Amino acid sequence: IKCRTKGGMIVDVFGIEAFLPGSQIDVKPIRDYDIFVGKTMEFKVVKINQEFKNVVVSHKALIEAELEQQKREIIAKLEKGQVLEGTVKNITSYGVFIDLGGVDGLIHITDLSWGRVNHPQEVVELDQKLNVVILDFDDEKKRIALGLKQLQPHPWDALDPELKVGDHVKGRVVVMTDYGAFVEVAAGVEGLIHVSEMSYSQHLRSAQDFLKVGDEVEAVILTLDRADRKMSLGLKQLKKDPWEDIEVRYPVGSRHTARVRNFTNFGVFVEIEEGVDGLIHISDLSWTKKVKHPSEFTQIGADIEVQVLEIDKESRRLSLGHKQLEDNPWDAFEDVFAVGSIHEGTIVEMVEKGAVVALPHGVEGFATPKHLVKEDGTTAKKGETLEFKVIEFNKDSKRIILSHSRIHEDAAKAARGEATRKAKRPAAKREEQPKLTTPVEKTTLGDIEALAALKEKLSAGK
């Protein structure tokens, strides 16, 4: 063999340069061609091209016949469970091909080690000699499945027999999923930390929020099944349960800062600390503003001040309020918006049953369609600012009913009453004159003699 060339080697045969393809050097794949340069080997002429004066030779062809005979002898003796010595021929991402002496077998990546293997190169290397066990083969024995880990005792059998539920173990995270992390606590022995056991928080989160592959962790054994070789672990158990002394740390009436986690139509879910959640009902967000959806009032991720209203230790949930941080302004509004009082308001929304009116002090009132009629007969529209009279005030339900039309209706009614009174006053005077003159006339003309007689009686009596 003289030298290397593209795709193979150049061979000197009696002064003639012949081509030796790389695939025809040996039955095994060649990784280092340079070691063959200068070697003297036997070759079989497999092709001659007279026109191009080209000769192709092969060394592989000479040994294939011999190998074929060896292969038949090996295959005839194959049995499941048989242990053979082989040489690592090729390494792929899914397994290792082993040369058993002319016959190839495959060790799948899962049969290399009892522990998790990311790539077979972590376990074996090319040309390495090792013992393997035959796991299976097809009827024609063309596909042979081999195992390496089966020659070693299962790690679960070697696990400390004193290990029990409640013990602390240390390990390395080997696999991450959305629902949890697999931790190798010993070679080939893994336990699952479910995401629900990573934190006391009840918010749905991914396991990747807490751990990553390669992390060294300490955990508590929650379940241990040696028969099924399963173990579940917990992280949060290493910390104190925040609900143990919840009444002491978050008593009713205490005030705190919470983080908005989620919305529903009826309120806001917040987290005061990891594992301590609470609900602010939509009615407890504001004294004055009518909140239709919590997103109108705050946003997810924002901080919000809260007051503890109620503790439900069994359900691990706090009832919280935001408006309770301030005094109830409706106590003062009872005087400000007394029935009959008139205030300037702006129509901010039109609904089927009437209009929402923005009043001073951030309060909203409501006016039905018949109370939106203006003096000229038209109906008030959204955006108009008018005067409204309070016709109903309910502090408990925080309801103020307003009327614009009542203002000009009452004014018109008062004007009509005044006109009526003015019209009636002269007529009354005319009717009273006879009543005043008649007694005078009767006294001067009919009663003088009677009065004189009464005077005489009185004098006689004296």
# chains A, B, ... in the order shown; residues from 1 in each chain; ligands from 1
>>> residues_around(residues="Val270 in chain A", least_positions_apart="5", cutoff="8 Å", atoms="only C-alpha atoms", output="VMD selection string")
chain A and resid 258 to 262 277 to 280
>>> write_last_selection(atoms="N, CA and C atoms", output="PDB file, in the first residue's frame")
ATOM      1  N   ALA A 258     -50.018  41.839  48.681  1.00  0.00           N
ATOM      2  CA  ALA A 258     -50.151  40.563  47.973  1.00  0.00           C
ATOM      3  C   ALA A 258     -49.870  40.764  46.485  1.00  0.00           C
ATOM      4  N   ARG A 259     -49.594  39.652  45.810  1.00  0.00           N
ATOM      5  CA  ARG A 259     -49.332  39.678  44.370  1.00  0.00           C
ATOM      6  C   ARG A 259     -50.523  39.057  43.629  1.00  0.00           C
ATOM      7  N   VAL A 260     -51.062  39.780  42.649  1.00  0.00           N
ATOM      8  CA  VAL A 260     -52.207  39.288  41.868  1.00  0.00           C
ATOM      9  C   VAL A 260     -51.755  38.116  41.008  1.00  0.00           C
ATOM     10  N   ARG A 261     -52.447  36.962  41.155  1.00  0.00           N
ATOM     11  CA  ARG A 261     -52.070  35.754  40.425  1.00  0.00           C
ATOM     12  C   ARG A 261     -53.050  35.401  39.308  1.00  0.00           C
ATOM     13  N   ASN A 262     -54.346  35.626  39.558  1.00  0.00           N
ATOM     14  CA  ASN A 262     -55.331  35.189  38.565  1.00  0.00           C
ATOM     15  C   ASN A 262     -56.636  35.946  38.767  1.00  0.00           C
ATOM     16  N   ASP A 277     -52.501  31.712  49.800  1.00  0.00           N
ATOM     17  CA  ASP A 277     -53.338  32.342  48.780  1.00  0.00           C
ATOM     18  C   ASP A 277     -54.591  32.930  49.410  1.00  0.00           C
ATOM     19  N   GLY A 278     -55.171  33.867  48.708  1.00  0.00           N
ATOM     20  CA  GLY A 278     -56.413  34.464  49.171  1.00  0.00           C
ATOM     21  C   GLY A 278     -57.247  34.958  48.013  1.00  0.00           C
ATOM     22  N   LEU A 279     -58.517  35.212  48.306  1.00  0.00           N
ATOM     23  CA  LEU A 279     -59.455  35.710  47.286  1.00  0.00           C
ATOM     24  C   LEU A 279     -60.031  37.048  47.732  1.00  0.00           C
ATOM     25  N   ILE A 280     -59.917  38.032  46.844  1.00  0.00           N
ATOM     26  CA  ILE A 280     -60.607  39.313  47.048  1.00  0.00           C
ATOM     27  C   ILE A 280     -61.875  39.267  46.209  1.00  0.00           C
TER      28      ILE A 280
END
>>> select_by_dssp(residues="range 1-239 of chain A", states="alpha helix (DSSP H)", output="number ranges by chain")
A: 60-77
>>> closest_residue(among="A:Gly267, A:Gly301, A:Gly86, A:Gly417", to="Leu285 in chain A", atoms="only C-alpha atoms")
A:Gly267
>>> closest_residue(among="A:Lys374, A:Lys413, A:Lys44, A:His281", to="Leu320 in chain A", atoms="only C-alpha atoms")
A:His281
>>> residues_around(residues="Lys170 in chain A", least_positions_apart="6", cutoff="10 Å", atoms="only C-alpha atoms", output="list in words")
Val183, Glu184, Val185, Ala186, Glu216, Val217, Glu218, Ala219 and Val220 of chain A
>>> closest_residue(among="A:Phe137, A:Phe43, A:Phe337, A:Phe388", to="Leu402 in chain A", atoms="only C-alpha atoms")
A:Phe388
>>> atom_distance(atom1="CA of Pro242 in chain A", atom2="CA of Arg317 in chain A")
11.7 Å
>>> residues_around(residues="Val390 in chain A", least_positions_apart="3", cutoff="12 Å", atoms="only C-alpha atoms", output="ChimeraX atom specification")
/A:333-345,357,359,364-367,371,387,393-394,399-407
>>> atom_distance(atom1="CA of Lys382 in chain A", atom2="CA of Val348 in chain A")
5.7 Å
>>> closest_residue(among="A:Arg205, A:Ala414, A:Leu222, A:Trp156", to="Val169 in chain A", atoms="only C-alpha atoms")
A:Leu222
>>> residues_around(residues="Ile311 in chain A", least_positions_apart="2", cutoff="10 Å", atoms="only C-alpha atoms", output="ChimeraX atom specification")
/A:246-247,250-252,278,308-309,313-320
>>> select_by_dssp(residues="range 255-433 of chain A", states="strand (DSSP E or B)", output="PyMOL selection string")
chain A and resi 255-264+267-273+276-281+303-312+317-321+342-351+354-358+364-367+373+379+385-394+399-403
